[in-house]
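Below: upload.pdb (PDB, C-alpha atoms)
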ATOM      1  CA  MET A   1      -3.493   6.462   0.764
ATOM      2  CA  GLN A   2      -3.270   5.163  -2.794
ATOM      3  CA  ARG A   3      -2.779   8.062  -5.211
ATOM      4  CA  VAL A   4      -2.480   7.320  -8.947
ATOM      5  CA  LEU A   5      -0.873   9.700 -11.436
ATOM      6  CA  SER A   6      -0.163   9.400 -15.147
ATOM      7  CA  GLY A   7      -0.278  11.470 -18.303
ATOM      8  CA  VAL A   8      -0.115  11.701 -22.108
ATOM      9  CA  ARG A   9       1.953  14.106 -24.220
ATOM     10  CA  PRO A  10      -0.080  16.409 -26.510
ATOM     11  CA  THR A  11       2.141  16.009 -29.565
ATOM     12  CA  GLY A  12      -0.544  15.366 -32.191
ATOM     13  CA  GLY A  13      -3.434  12.977 -32.702
ATOM     14  CA  ILE A  14      -4.202  10.387 -30.060
ATOM     15  CA  HIS A  15      -4.098   6.761 -31.139
ATOM     16  CA  LEU A  16      -4.953   3.196 -30.187
ATOM     17  CA  GLY A  17      -1.651   2.741 -28.355
ATOM     18  CA  ASN A  18      -2.435   5.656 -26.021
ATOM     19  CA  TYR A  19      -5.884   4.203 -25.378
ATOM     20  CA  LEU A  20      -5.058   0.509 -24.831
ATOM     21  CA  GLY A  21      -1.691   1.089 -23.203
ATOM     22  CA  ALA A  22      -2.846   3.809 -20.826
ATOM     23  CA  ILE A  23      -6.213   5.581 -20.840
ATOM     24  CA  ARG A  24      -8.424   2.481 -20.860
ATOM     25  CA  ASN A  25      -6.692   1.239 -17.708
ATOM     26  CA  TRP A  26      -7.062   4.619 -16.006
ATOM     27  CA  VAL A  27     -10.845   4.444 -16.332
ATOM     28  CA  ALA A  28     -10.913   1.438 -13.996
ATOM     29  CA  MET A  29      -8.263   2.899 -11.678
ATOM     30  CA  GLN A  30     -10.283   6.046 -10.957
ATOM     31  CA  HIS A  31     -12.775   3.863  -9.069
ATOM     32  CA  GLN A  32     -10.123   1.893  -7.175
ATOM     33  CA  ALA A  33      -7.647   4.529  -5.998
ATOM     34  CA  GLN A  34      -8.445   7.012  -3.259
ATOM     35  CA  GLU A  35      -7.253   9.791  -5.575
ATOM     36  CA  SER A  36      -6.418   9.895  -9.277
ATOM     37  CA  LEU A  37      -4.670  12.641 -11.243
ATOM     38  CA  PHE A  38      -4.425  12.414 -15.029
ATOM     39  CA  CYS A  39      -2.166  15.043 -16.510
ATOM     40  CA  ILE A  40      -1.664  16.350 -20.036
ATOM     41  CA  VAL A  41       2.098  16.772 -20.055
ATOM     42  CA  ASP A  42       2.403  19.778 -22.346
ATOM     43  CA  MET A  43       5.840  20.785 -21.045
ATOM     44  CA  HIS A  44       7.205  17.357 -21.930
ATOM     45  CA  ALA A  45       5.818  17.841 -25.431
ATOM     46  CA  LEU A  46       8.215  20.751 -25.972
ATOM     47  CA  THR A  47      11.205  18.401 -26.126
ATOM     48  CA  THR A  48      10.197  17.017 -29.528
ATOM     49  CA  LEU A  49       7.774  19.535 -31.065
ATOM     50  CA  GLU A  50       9.261  21.536 -33.930
ATOM     51  CA  GLY A  51       6.520  24.128 -33.565
ATOM     52  CA  THR A  52       3.912  24.912 -30.938
ATOM     53  CA  ASP A  53       1.132  26.319 -33.127
ATOM     54  CA  ASP A  54      -1.061  23.277 -32.419
ATOM     55  CA  LEU A  55      -0.093  22.742 -28.783
ATOM     56  CA  ALA A  56      -3.272  24.255 -27.308
ATOM     57  CA  GLU A  57      -5.517  22.329 -29.721
ATOM     58  CA  ASN A  58      -3.612  19.117 -29.033
ATOM     59  CA  THR A  59      -4.045  19.668 -25.289
ATOM     60  CA  TYR A  60      -7.790  20.020 -25.718
ATOM     61  CA  THR A  61      -7.805  16.877 -27.876
ATOM     62  CA  ILE A  62      -6.140  14.828 -25.122
ATOM     63  CA  ALA A  63      -8.587  16.222 -22.559
ATOM     64  CA  ALA A  64     -11.479  15.278 -24.854
ATOM     65  CA  ALA A  65     -10.038  11.764 -25.213
ATOM     66  CA  TYR A  66      -9.805  11.345 -21.443
ATOM     67  CA  LEU A  67     -13.453  12.329 -21.020
ATOM     68  CA  ALA A  68     -14.708  10.347 -24.016
ATOM     69  CA  ALA A  69     -12.912   7.215 -22.805
ATOM     70  CA  GLY A  70     -14.730   7.434 -19.476
ATOM     71  CA  ILE A  71     -12.564   9.391 -17.055
ATOM     72  CA  ASP A  72     -14.957  11.216 -14.736
ATOM     73  CA  PRO A  73     -13.841  14.705 -13.556
ATOM     74  CA  ALA A  74     -15.840  14.072 -10.372
ATOM     75  CA  LYS A  75     -13.540  11.133  -9.571
ATOM     76  CA  ALA A  76     -10.225  12.188 -11.120
ATOM     77  CA  SER A  77      -8.411  15.476 -11.694
ATOM     78  CA  ILE A  78      -7.702  16.233 -15.365
ATOM     79  CA  PHE A  79      -5.248  19.095 -15.857
ATOM     80  CA  ALA A  80      -2.426  20.490 -17.967
ATOM     81  CA  GLN A  81       1.066  20.109 -16.528
ATOM     82  CA  SER A  82       1.928  23.754 -17.291
ATOM     83  CA  HIS A  83      -0.971  24.940 -15.108
ATOM     84  CA  VAL A  84       0.917  23.736 -12.011
ATOM     85  CA  PRO A  85       4.158  25.764 -11.754
ATOM     86  CA  ALA A  86       5.525  23.542  -8.965
ATOM     87  CA  HIS A  87       6.367  20.845 -11.548
ATOM     88  CA  THR A  88       9.304  22.893 -12.793
ATOM     89  CA  GLU A  89      10.354  24.058  -9.323
ATOM     90  CA  LEU A  90      10.612  20.486  -8.063
ATOM     91  CA  ALA A  91      12.347  19.388 -11.272
ATOM     92  CA  TRP A  92      15.087  21.965 -10.566
ATOM     93  CA  LEU A  93      15.465  20.777  -6.965
ATOM     94  CA  PHE A  94      15.737  17.176  -8.175
ATOM     95  CA  SER A  95      18.218  18.176 -10.892
ATOM     96  CA  CYS A  96      20.534  19.340  -8.101
ATOM     97  CA  LEU A  97      20.393  15.834  -6.570
ATOM     98  CA  THR A  98      20.480  13.634  -9.663
ATOM     99  CA  PRO A  99      23.926  12.390 -10.776
ATOM    100  CA  LEU A 100      24.688  12.718 -14.481
ATOM    101  CA  GLY A 101      25.566   9.026 -14.499
ATOM    102  CA  TRP A 102      21.929   8.159 -13.787
ATOM    103  CA  LEU A 103      20.754  10.233 -16.755
ATOM    104  CA  ASN A 104      23.454   8.845 -19.034
ATOM    105  CA  ARG A 105      21.877   5.418 -18.626
ATOM    106  CA  MET A 106      18.506   6.542 -20.003
ATOM    107  CA  THR A 107      18.054   4.656 -23.268
ATOM    108  CA  GLN A 108      15.159   6.777 -24.542
ATOM    109  CA  PHE A 109      17.392   9.869 -24.795
ATOM    110  CA  LYS A 110      19.845   7.890 -26.906
ATOM    111  CA  GLU A 111      17.010   6.676 -29.165
ATOM    112  CA  LYS A 112      15.438  10.113 -29.645
ATOM    113  CA  ALA A 113      18.696  12.043 -29.980
ATOM    114  CA  GLY A 114      20.152   9.487 -32.388
ATOM    115  CA  LYS A 115      23.476  10.364 -33.978
ATOM    116  CA  HIS A 116      23.073  14.053 -33.226
ATOM    117  CA  LYS A 117      23.001  13.962 -29.421
ATOM    118  CA  GLU A 118      25.355  16.935 -29.198
ATOM    119  CA  MET A 119      22.606  19.006 -30.837
ATOM    120  CA  ALA A 120      19.796  17.611 -28.641
ATOM    121  CA  CYS A 121      18.195  20.085 -26.244
ATOM    122  CA  LEU A 122      18.811  19.986 -22.503
ATOM    123  CA  GLY A 123      15.076  19.415 -21.987
ATOM    124  CA  LEU A 124      15.227  16.090 -23.813
ATOM    125  CA  TYR A 125      18.189  14.995 -21.697
ATOM    126  CA  ALA A 126      16.559  16.148 -18.427
ATOM    127  CA  TYR A 127      13.084  14.858 -19.384
ATOM    128  CA  PRO A 128      13.245  11.984 -16.841
ATOM    129  CA  VAL A 129      13.924  14.421 -13.982
ATOM    130  CA  LEU A 130      10.811  16.423 -14.858
ATOM    131  CA  MET A 131       8.870  13.155 -15.055
ATOM    132  CA  ALA A 132      10.099  12.280 -11.550
ATOM    133  CA  ALA A 133       8.889  15.694 -10.370
ATOM    134  CA  ASP A 134       5.497  15.103 -12.004
ATOM    135  CA  ILE A 135       5.088  11.933  -9.954
ATOM    136  CA  LEU A 136       6.672  12.867  -6.641
ATOM    137  CA  LEU A 137       5.117  16.352  -6.490
ATOM    138  CA  TYR A 138       1.809  14.684  -5.671
ATOM    139  CA  LYS A 139       3.354  11.889  -3.561
ATOM    140  CA  ALA A 140       1.849   9.449  -6.049
ATOM    141  CA  THR A 141       2.034   5.865  -4.838
ATOM    142  CA  HIS A 142       1.157   4.118  -8.114
ATOM    143  CA  VAL A 143       2.033   5.118 -11.677
ATOM    144  CA  PRO A 144       0.546   3.285 -14.680
ATOM    145  CA  VAL A 145       3.215   3.325 -17.398
ATOM    146  CA  GLY A 146       4.044   1.582 -20.644
ATOM    147  CA  GLU A 147       7.088  -0.650 -20.957
ATOM    148  CA  ASP A 148       9.006   2.182 -22.654
ATOM    149  CA  GLN A 149       8.610   4.439 -19.603
ATOM    150  CA  LYS A 150       9.558   1.842 -17.001
ATOM    151  CA  GLN A 151      13.193   2.979 -16.899
ATOM    152  CA  HIS A 152      12.092   6.555 -16.231
ATOM    153  CA  LEU A 153       9.931   5.393 -13.340
ATOM    154  CA  GLU A 154      12.894   3.493 -11.929
ATOM    155  CA  LEU A 155      14.796   6.790 -11.997
ATOM    156  CA  ALA A 156      11.921   8.495 -10.140
ATOM    157  CA  ARG A 157      12.191   5.788  -7.493
ATOM    158  CA  ASP A 158      15.957   6.354  -7.256
ATOM    159  CA  ILE A 159      15.471  10.126  -6.924
ATOM    160  CA  ALA A 160      12.858   9.660  -4.196
ATOM    161  CA  GLY A 161      15.218   7.377  -2.317
ATOM    162  CA  ALA A 162      18.124   9.819  -2.644
ATOM    163  CA  PHE A 163      15.946  12.724  -1.466
ATOM    164  CA  ASN A 164      14.705  10.745   1.550
ATOM    165  CA  ARG A 165      18.210   9.667   2.558
ATOM    166  CA  ARG A 166      19.433  13.248   2.459
ATOM    167  CA  PHE A 167      16.463  15.131   3.915
ATOM    168  CA  GLY A 168      14.454  12.615   5.916
ATOM    169  CA  GLU A 169      13.121   9.111   5.457
ATOM    170  CA  GLY A 170       9.482   8.885   4.462
ATOM    171  CA  LEU A 171       9.229  12.387   2.993
ATOM    172  CA  LEU A 172       8.523  11.007  -0.476
ATOM    173  CA  PRO A 173       6.819   7.665  -1.144
ATOM    174  CA  ILE A 174       8.603   5.279  -3.491
ATOM    175  CA  PRO A 175       6.123   5.002  -6.404
ATOM    176  CA  GLU A 176       5.123   1.592  -7.718
ATOM    177  CA  PRO A 177       4.889   0.989 -11.493
ATOM    178  CA  MET A 178       1.650  -0.452 -12.863
ATOM    179  CA  ILE A 179       2.043  -2.221 -16.221
ATOM    180  CA  LEU A 180      -1.343  -3.667 -17.112
ATOM    181  CA  GLY A 181      -2.945  -5.746 -19.867
ATOM    182  CA  ALA A 182      -1.757  -7.656 -22.933
ATOM    183  CA  ALA A 183      -1.304  -4.519 -25.055
ATOM    184  CA  THR A 184       0.926  -2.541 -22.707
ATOM    185  CA  ARG A 185       3.002  -1.576 -25.735
ATOM    186  CA  VAL A 186       0.972  -1.377 -28.930
ATOM    187  CA  MET A 187       3.187  -1.665 -31.983
ATOM    188  CA  SER A 188       2.962  -0.167 -35.474
ATOM    189  CA  LEU A 189       0.541  -1.851 -37.885
ATOM    190  CA  ARG A 190       3.286  -1.623 -40.535
ATOM    191  CA  ASP A 191       6.267  -2.752 -38.455
ATOM    192  CA  GLY A 192       5.807  -5.001 -35.435
ATOM    193  CA  SER A 193       9.233  -4.070 -34.075
ATOM    194  CA  SER A 194       8.357  -0.358 -33.695
ATOM    195  CA  LYS A 195       5.980   1.227 -31.233
ATOM    196  CA  MET A 196       2.758   2.750 -32.610
ATOM    197  CA  SER A 197       3.560   6.439 -32.867
ATOM    198  CA  LYS A 198       1.996   9.753 -33.842
ATOM    199  CA  SER A 199       5.222  10.690 -35.600
ATOM    200  CA  ASP A 200       5.299   7.705 -38.001
ATOM    201  CA  ILE A 201       5.175   8.989 -41.574
ATOM    202  CA  SER A 202       2.599   6.346 -42.578
ATOM    203  CA  GLU A 203      -0.971   6.981 -41.454
ATOM    204  CA  TYR A 204      -1.566   3.229 -41.932
ATOM    205  CA  SER A 205       0.808   2.516 -39.032
ATOM    206  CA  ARG A 206      -1.737   3.560 -36.399
ATOM    207  CA  ILE A 207      -5.426   3.726 -35.536
ATOM    208  CA  GLU A 208      -6.435   7.233 -34.495
ATOM    209  CA  LEU A 209      -9.213   7.517 -31.914
ATOM    210  CA  MET A 210     -11.100   9.840 -34.273
ATOM    211  CA  ASP A 211     -10.830   7.549 -37.325
ATOM    212  CA  SER A 212     -14.084   6.602 -39.058
ATOM    213  CA  ALA A 213     -15.360   3.019 -39.189
ATOM    214  CA  ASP A 214     -14.312   2.712 -42.849
ATOM    215  CA  THR A 215     -10.824   4.051 -42.124
ATOM    216  CA  ILE A 216     -10.344   1.639 -39.224
ATOM    217  CA  ALA A 217     -11.458  -1.317 -41.349
ATOM    218  CA  LEU A 218      -9.116  -0.281 -44.172
ATOM    219  CA  LYS A 219      -6.128   0.136 -41.860
ATOM    220  CA  ILE A 220      -6.702  -3.300 -40.304
ATOM    221  CA  ARG A 221      -7.011  -4.926 -43.745
ATOM    222  CA  LYS A 222      -3.728  -3.299 -44.754
ATOM    223  CA  ALA A 223      -1.961  -4.171 -41.476
ATOM    224  CA  LYS A 224       1.194  -6.156 -42.104
ATOM    225  CA  THR A 225       0.996  -9.883 -41.342
ATOM    226  CA  ASP A 226       2.685 -13.030 -42.691
ATOM    227  CA  MET A 227       1.700 -16.110 -44.680
ATOM    228  CA  GLU A 228       1.664 -18.538 -41.744
ATOM    229  CA  PRO A 229      -1.637 -19.568 -40.085
ATOM    230  CA  LEU A 230      -2.386 -18.673 -36.482
ATOM    231  CA  PRO A 231      -1.106 -21.276 -33.988
ATOM    232  CA  GLU A 232      -2.912 -22.748 -30.993
ATOM    233  CA  LYS A 233      -0.674 -21.020 -28.430
ATOM    234  CA  PHE A 234       0.482 -17.424 -28.285
ATOM    235  CA  SER A 235       4.019 -18.526 -27.393
ATOM    236  CA  ASP A 236       4.246 -20.135 -30.848
ATOM    237  CA  LEU A 237       4.100 -16.647 -32.407
ATOM    238  CA  GLU A 238       7.709 -16.026 -31.315
ATOM    239  CA  GLY A 239       9.542 -14.328 -34.178
ATOM    240  CA  ARG A 240       6.293 -13.073 -35.754
ATOM    241  CA  PRO A 241       6.044  -9.549 -34.278
ATOM    242  CA  GLU A 242       3.200  -8.282 -36.486
ATOM    243  CA  ALA A 243       1.054 -11.305 -35.641
ATOM    244  CA  GLN A 244       1.882 -10.964 -31.950
ATOM    245  CA  ASN A 245       0.850  -7.313 -32.020
ATOM    246  CA  LEU A 246      -2.533  -7.942 -33.662
ATOM    247  CA  VAL A 247      -3.320 -10.855 -31.330
ATOM    248  CA  ASN A 248      -2.433  -8.706 -28.303
ATOM    249  CA  ILE A 249      -4.683  -5.908 -29.561
ATOM    250  CA  PHE A 250      -7.557  -8.344 -30.157
ATOM    251  CA  ALA A 251      -7.090  -9.878 -26.687
ATOM    252  CA  THR A 252      -7.154  -6.495 -24.972
ATOM    253  CA  LEU A 253     -10.220  -5.263 -26.849
ATOM    254  CA  ALA A 254     -12.090  -8.534 -26.268
ATOM    255  CA  GLU A 255     -10.886  -8.779 -22.636
ATOM    256  CA  ILE A 256      -9.594 -12.332 -23.132
ATOM    257  CA  THR A 257      -6.108 -13.847 -23.086
ATOM    258  CA  PRO A 258      -3.839 -13.947 -26.155
ATOM    259  CA  ASP A 259      -3.955 -17.768 -25.898
ATOM    260  CA  ALA A 260      -7.758 -17.639 -26.126
ATOM    261  CA  VAL A 261      -7.488 -15.553 -29.312
ATOM    262  CA  CYS A 262      -5.122 -18.099 -30.852
ATOM    263  CA  GLN A 263      -7.441 -20.965 -29.932
ATOM    264  CA  GLN A 264     -10.384 -19.126 -31.511
ATOM    265  CA  PHE A 265      -8.563 -18.736 -34.840
ATOM    266  CA  VAL A 266      -6.155 -21.703 -34.771
ATOM    267  CA  GLY A 267      -5.190 -22.884 -38.271
ATOM    268  CA  SER A 268      -6.836 -19.868 -39.924
ATOM    269  CA  ASN A 269      -5.153 -17.320 -42.147
ATOM    270  CA  PHE A 270      -5.414 -13.647 -41.236
ATOM    271  CA  ALA A 271      -8.424 -12.649 -43.370
ATOM    272  CA  PRO A 272     -11.211 -13.801 -40.993
ATOM    273  CA  PHE A 273      -9.157 -12.742 -37.973
ATOM    274  CA  LYS A 274      -8.697  -9.235 -39.375
ATOM    275  CA  GLN A 275     -12.402  -8.924 -40.173
ATOM    276  CA  GLN A 276     -13.366  -9.719 -36.588
ATOM    277  CA  LEU A 277     -10.598  -7.490 -35.242
ATOM    278  CA  ALA A 278     -11.854  -4.600 -37.377
ATOM    279  CA  ASP A 279     -15.439  -5.141 -36.166
ATOM    280  CA  LEU A 280     -14.281  -5.240 -32.557
ATOM    281  CA  MET A 281     -12.166  -2.126 -32.988
ATOM    282  CA  VAL A 282     -14.936  -0.182 -34.719
ATOM    283  CA  ALA A 283     -17.356  -1.036 -31.912
ATOM    284  CA  THR A 284     -14.843   0.231 -29.326
ATOM    285  CA  ILE A 285     -13.154   3.190 -31.007
ATOM    286  CA  VAL A 286     -15.843   4.886 -33.118
ATOM    287  CA  PRO A 287     -18.082   5.824 -30.130
ATOM    288  CA  ILE A 288     -15.050   7.354 -28.405
ATOM    289  CA  GLY A 289     -14.239   9.399 -31.509
ATOM    290  CA  GLU A 290     -17.820  10.645 -31.736
ATOM    291  CA  GLN A 291     -17.737  11.720 -28.083
ATOM    292  CA  MET A 292     -14.397  13.465 -28.644
ATOM    293  CA  ARG A 293     -15.881  15.532 -31.477
ATOM    294  CA  GLN A 294     -18.717  16.625 -29.204
ATOM    295  CA  TYR A 295     -16.319  17.698 -26.461
ATOM    296  CA  LEU A 296     -14.052  19.512 -28.926
ATOM    297  CA  ALA A 297     -17.055  21.480 -30.184
ATOM    298  CA  ASP A 298     -17.475  22.837 -26.625
ATOM    299  CA  LYS A 299     -14.065  24.228 -25.658
ATOM    300  CA  ALA A 300     -15.568  26.179 -22.751
ATOM    301  CA  THR A 301     -16.512  22.948 -20.979
ATOM    302  CA  LEU A 302     -13.121  21.408 -21.704
ATOM    303  CA  HIS A 303     -11.373  24.508 -20.364
ATOM    304  CA  ALA A 304     -13.507  24.472 -17.209
ATOM    305  CA  THR A 305     -12.605  20.806 -16.672
ATOM    306  CA  LEU A 306      -8.890  21.603 -16.974
ATOM    307  CA  GLN A 307      -9.219  24.562 -14.599
ATOM    308  CA  ALA A 308     -11.018  22.477 -11.971
ATOM    309  CA  GLY A 309      -8.381  19.766 -12.224
ATOM    310  CA  ALA A 310      -5.578  22.311 -11.954
ATOM    311  CA  ARG A 311      -7.109  23.774  -8.795
ATOM    312  CA  ARG A 312      -6.954  20.383  -7.059
ATOM    313  CA  ALA A 313      -3.481  19.664  -8.429
ATOM    314  CA  ASN A 314      -2.206  23.046  -7.229
ATOM    315  CA  GLU A 315      -3.671  22.440  -3.764
ATOM    316  CA  LEU A 316      -1.713  19.205  -3.436
ATOM    317  CA  ALA A 317       1.400  20.705  -5.020
ATOM    318  CA  HIS A 318       1.361  23.694  -2.634
ATOM    319  CA  LEU A 319       0.972  21.434   0.400
ATOM    320  CA  HIS A 320       3.728  19.031  -0.641
ATOM    321  CA  MET A 321       6.155  21.738  -1.794
ATOM    322  CA  ASN A 322       5.893  23.357   1.632
ATOM    323  CA  ASP A 323       7.005  20.032   3.153
ATOM    324  CA  ILE A 324       9.838  19.715   0.635
ATOM    325  CA  ARG A 325      11.104  23.279   1.042
ATOM    326  CA  ARG A 326      10.966  22.932   4.825
ATOM    327  CA  ALA A 327      12.946  19.681   4.683
ATOM    328  CA  ILE A 328      15.603  21.286   2.437
ATOM    329  CA  GLY A 329      15.891  24.278   4.789
ATOM    330  CA  MET A 330      14.380  27.036   2.688
ATOM    331  CA  ILE A 331      12.618  29.969   4.365
ATOM    332  CA  GLN A 332       8.853  29.475   4.241
TER
END

Spit out the file's structure as C-alpha cells when you get a sec.
Amino acid sequence: MQRVLSGVRPTGGIHLGNYLGAIRNWVAMQHQAQESLFCIVDMHALTTLEGTDDLAENTYTIAAAYLAAGIDPAKASIFAQSHVPAHTELAWLFSCLTPLGWLNRMTQFKEKAGKHKEMACLGLYAYPVLMAADILLYKATHVPVGEDQKQHLELARDIAGAFNRRFGEGLLPIPEPMILGAATRVMSLRDGSSKMSKSDISEYSRIELMDSADTIALKIRKAKTDMEPLPEKFSDLEGRPEAQNLVNIFATLAEITPDAVCQQFVGSNFAPFKQQLADLMVATIVPIGEQMRQYLADKATLHATLQAGARRANELAHLHMNDIRRAIGMIQ
C-alpha cells in the first residue's frame, strides 16, 4: 500500500516556505495515498533550540497550521513525534548499523555546526538517523521532502537497504522521495541565495502564515529584486535569484508554470508584479492565519487531534517494531 509520511519542526512561527514547500502538497496527498501520517517532529527541534519554553506552544501552532491548511484528521494522522516512543528505539537500532562515513557526508550538519562542529551536540550529528527511523518505523513508501532534505532521505534509503540485507529482504520498503511544485525550496525575501527560515534575524525575510494582509503587502513591497525587467522565459532569470524566487512563489500560488508568469509580466518592472503577488498571497495566506487563530483558541480540540493521531501512529509503530525486533533476534 502507499503510505505517505512527512513532518515539520516546531522551532518557532510557521512560514510560507513550510506551506508551499510541504503542507500545501500534503493536502492533496491525503486523498491519494491509502494512508497519510503528518508528524510534528518535536524531538528534531531539540537539536537547534536554545530553550524549550515555547516548544509546546510551537507544537500546537504547527498542528493548527496543518488543520487550517486543509489536512483532515479523518483522512490523515496528525501527531507529535515524542508521543510515539518507538521513534527513538528504532533510531538506536539504526545507529548500530549506520557507518560513521555515511553521516560524515551529510552536508546539513556541516552547515548548521559551522566552524564549531566539535561543540555541536550528538543529536545534530545523528539527526539523519532519527529521520530515517521516523520514516521506516511506519514502512512509509513515499516521503514528500524539500530539496534540502533529499540527502537525508537518501540516507534513509541506504539504511533500509542495509537493514534488509542483514536481517531479511523486504522487511523495510525503500521509501521514494516526492519533490513537488515550482516552490519546493522557498528562498528568503531579502536574499535569494538563502532558504526562507524562521531563524533569520530579519522579519522581512519571510511571510508568516499568521501575518495580516497589510504586513504581507508590506513585506512583498520590500522584497529584494533588481532593476532588470522580467523576461519572456523563466530560464532567462539565471543569475537573478531574488527574481527567480518571487516568480516561483507566484507560479505556485497561481497554479501555473514559471514560464507563464514571465509571459504575463514580460518587459514589466517589479512594481505591478509585486502588487499582484501580494494580492494573490493575501487571498491564500490570510484565511489560513484566521483559521489558525481559531484552532489555537481551542487547545482542547488540538490536543484531542494530536492524541487521536498518536494512537494510530503507535498502533503501526507497535506492529512494525515487533517485526523488526523479531528479525533482529530479540525476545518478544

Applying 7 Å and all atoms listed in the file, which residues near Ala278 of chain A remain after dropping the ones on its own chain fewer than 3 positions away? List them as a PyMOL selection string. chain A and resi 216-217+220+274-275+281-282

Sel. within 12 Å of pt (-7.5, 1.5, -35.4), counting only C-alpha atoms, output as number ranges by chain: A: 14-20, 186-189, 196, 203-223, 246, 249-250, 253, 274, 277-286, 288-289

Taking into account all atoms listed in the file, which residue in the set A:Ala80, A:Pro10, A:Met29, A:Arg166 is nearest to Leu55 of chain A?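 Answer, going by the shortest atom-to-atom distance: A:Pro10.
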
Selection: 6 Å around Leu5 of chain A, all atoms listed in the file, excl. self and same-chain fewer than 3 positions, as a list in words: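 Once the adjacent positions are removed, what remains is Ser36, Leu37, Phe38 and Val143 of chain A.
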
With C-alpha atoms retained, could you export that selection as a short mmCIF file (atom, residue, chain, number, x, y, z; two decimals), in the coordinates of the input?
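What landed in selection.cif:
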data_model
loop_
_atom_site.label_atom_id
_atom_site.label_comp_id
_atom_site.auth_asym_id
_atom_site.auth_seq_id
_atom_site.Cartn_x
_atom_site.Cartn_y
_atom_site.Cartn_z
CA SER A 36 -6.42 9.90 -9.28
CA LEU A 37 -4.67 12.64 -11.24
CA PHE A 38 -4.42 12.41 -15.03
CA VAL A 143 2.03 5.12 -11.68
#

Applying the PyMOL selection byres ((chain A and resi 154) around 10) to the file I just gave you, which residues come out? Please list them as a count of residues only. 17

Two-atom distance - atom CA of Pro229 of chain A, atom CA of Pro272 of chain A (Å):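 Going from atom CA of Pro229 of chain A over to atom CA of Pro272 of chain A covers 11.2 Å.
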
How would you write, as a list in words, the residues chosen by the PyMOL selection byres ((chain A and resi 101-106) around 9) on this structure?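 Selection result, ordered by chain and number: Thr98, Pro99, Leu100, Thr107, Gln108, Phe109, Lys110, Tyr125, Ala126, Pro128, Val129, Gln151, His152 and Leu155 of chain A.
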
Residue nearest Ala74 of chain A - candidates A:Asn245, A:Gln30, A:Ser95, A:Thr11, atoms counted: all atoms listed in the file: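 For Ala74 of chain A, the nearest of the given residues is A:Gln30.
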
Non-local contacts of segment 49-54 of chain A (10 Å; only C-alpha atoms; under 4 positions in same chain excluded) as a ChimeraX atom specification: /A:10-12,44-45,58-59

Just how far from atom CA of Arg24 of chain A is atom CA of Phe265 of chain A, in Å to one decimal?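 Separating atom CA of Phe265 of chain A from atom CA of Arg24 of chain A is a distance of 25.4 Å.
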
Output as a tab-separated table one row per residue of segment 19-127 of chain A within 10 Å of segment 310-329 of chain A: the closest atom pair and its distance in Å to one decimal place, counting only C-alpha atoms, sorted by chain and residue number ascending.
residue	atom	partner	partner_atom	distance
A:Leu37	CA	A:Ala313	CA	7.7
A:Phe38	CA	A:Ala313	CA	9.8
A:Cys39	CA	A:Ala310	CA	9.2
A:Ala76	CA	A:Arg312	CA	9.7
A:Ser77	CA	A:Arg312	CA	6.9
A:Ile78	CA	A:Ala310	CA	7.3
A:Phe79	CA	A:Ala310	CA	5.1
A:Ala80	CA	A:Ala310	CA	7.0
A:Gln81	CA	A:Ala310	CA	8.4
A:Ser82	CA	A:Ala310	CA	9.3
A:His83	CA	A:Ala310	CA	6.2
A:Val84	CA	A:Asn314	CA	5.8
A:Pro85	CA	A:Asn314	CA	8.3
A:Ala86	CA	A:Ala317	CA	6.4
A:His87	CA	A:Ala317	CA	8.2
A:Glu89	CA	A:Met321	CA	8.9
A:Leu90	CA	A:Met321	CA	7.8
A:Leu93	CA	A:Ile328	CA	9.4

Take the residues just selected and output them with C-alpha atoms as a CSV table (one decimal), in the frame of the given file.
chain,number,residue,atom,x,y,z
A,37,LEU,CA,-4.7,12.6,-11.2
A,38,PHE,CA,-4.4,12.4,-15.0
A,39,CYS,CA,-2.2,15.0,-16.5
A,76,ALA,CA,-10.2,12.2,-11.1
A,77,SER,CA,-8.4,15.5,-11.7
A,78,ILE,CA,-7.7,16.2,-15.4
A,79,PHE,CA,-5.2,19.1,-15.9
A,80,ALA,CA,-2.4,20.5,-18.0
A,81,GLN,CA,1.1,20.1,-16.5
A,82,SER,CA,1.9,23.8,-17.3
A,83,HIS,CA,-1.0,24.9,-15.1
A,84,VAL,CA,0.9,23.7,-12.0
A,85,PRO,CA,4.2,25.8,-11.8
A,86,ALA,CA,5.5,23.5,-9.0
A,87,HIS,CA,6.4,20.8,-11.5
A,89,GLU,CA,10.4,24.1,-9.3
A,90,LEU,CA,10.6,20.5,-8.1
A,93,LEU,CA,15.5,20.8,-7.0

Can you spit out segment 55-72 of chain A with C-alpha atoms, as a compact mmCIF listing (two decimals), in the first residue's frame, from the structure just given?
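To be explicit, this is the file written out as selection-v6.txt:
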# COMPACT_ATOMS: atom_id res chain seq x y z
CA LEU A 55 8.10 24.07 22.47
CA ALA A 56 4.57 23.06 23.50
CA GLU A 57 3.05 26.25 22.06
CA ASN A 58 5.03 25.83 18.85
CA THR A 59 3.78 22.25 18.56
CA TYR A 60 0.19 23.41 18.85
CA THR A 61 0.90 26.12 16.26
CA ILE A 62 2.12 23.55 13.72
CA ALA A 63 -0.92 21.36 14.42
CA ALA A 64 -3.18 24.38 13.90
CA ALA A 65 -1.40 25.13 10.60
CA TYR A 66 -1.92 21.57 9.38
CA LEU A 67 -5.65 21.77 10.11
CA ALA A 68 -6.08 25.32 8.78
CA ALA A 69 -4.31 24.40 5.53
CA GLY A 70 -6.80 21.59 4.95
CA ILE A 71 -5.36 18.40 6.41
CA ASP A 72 -8.33 16.35 7.59
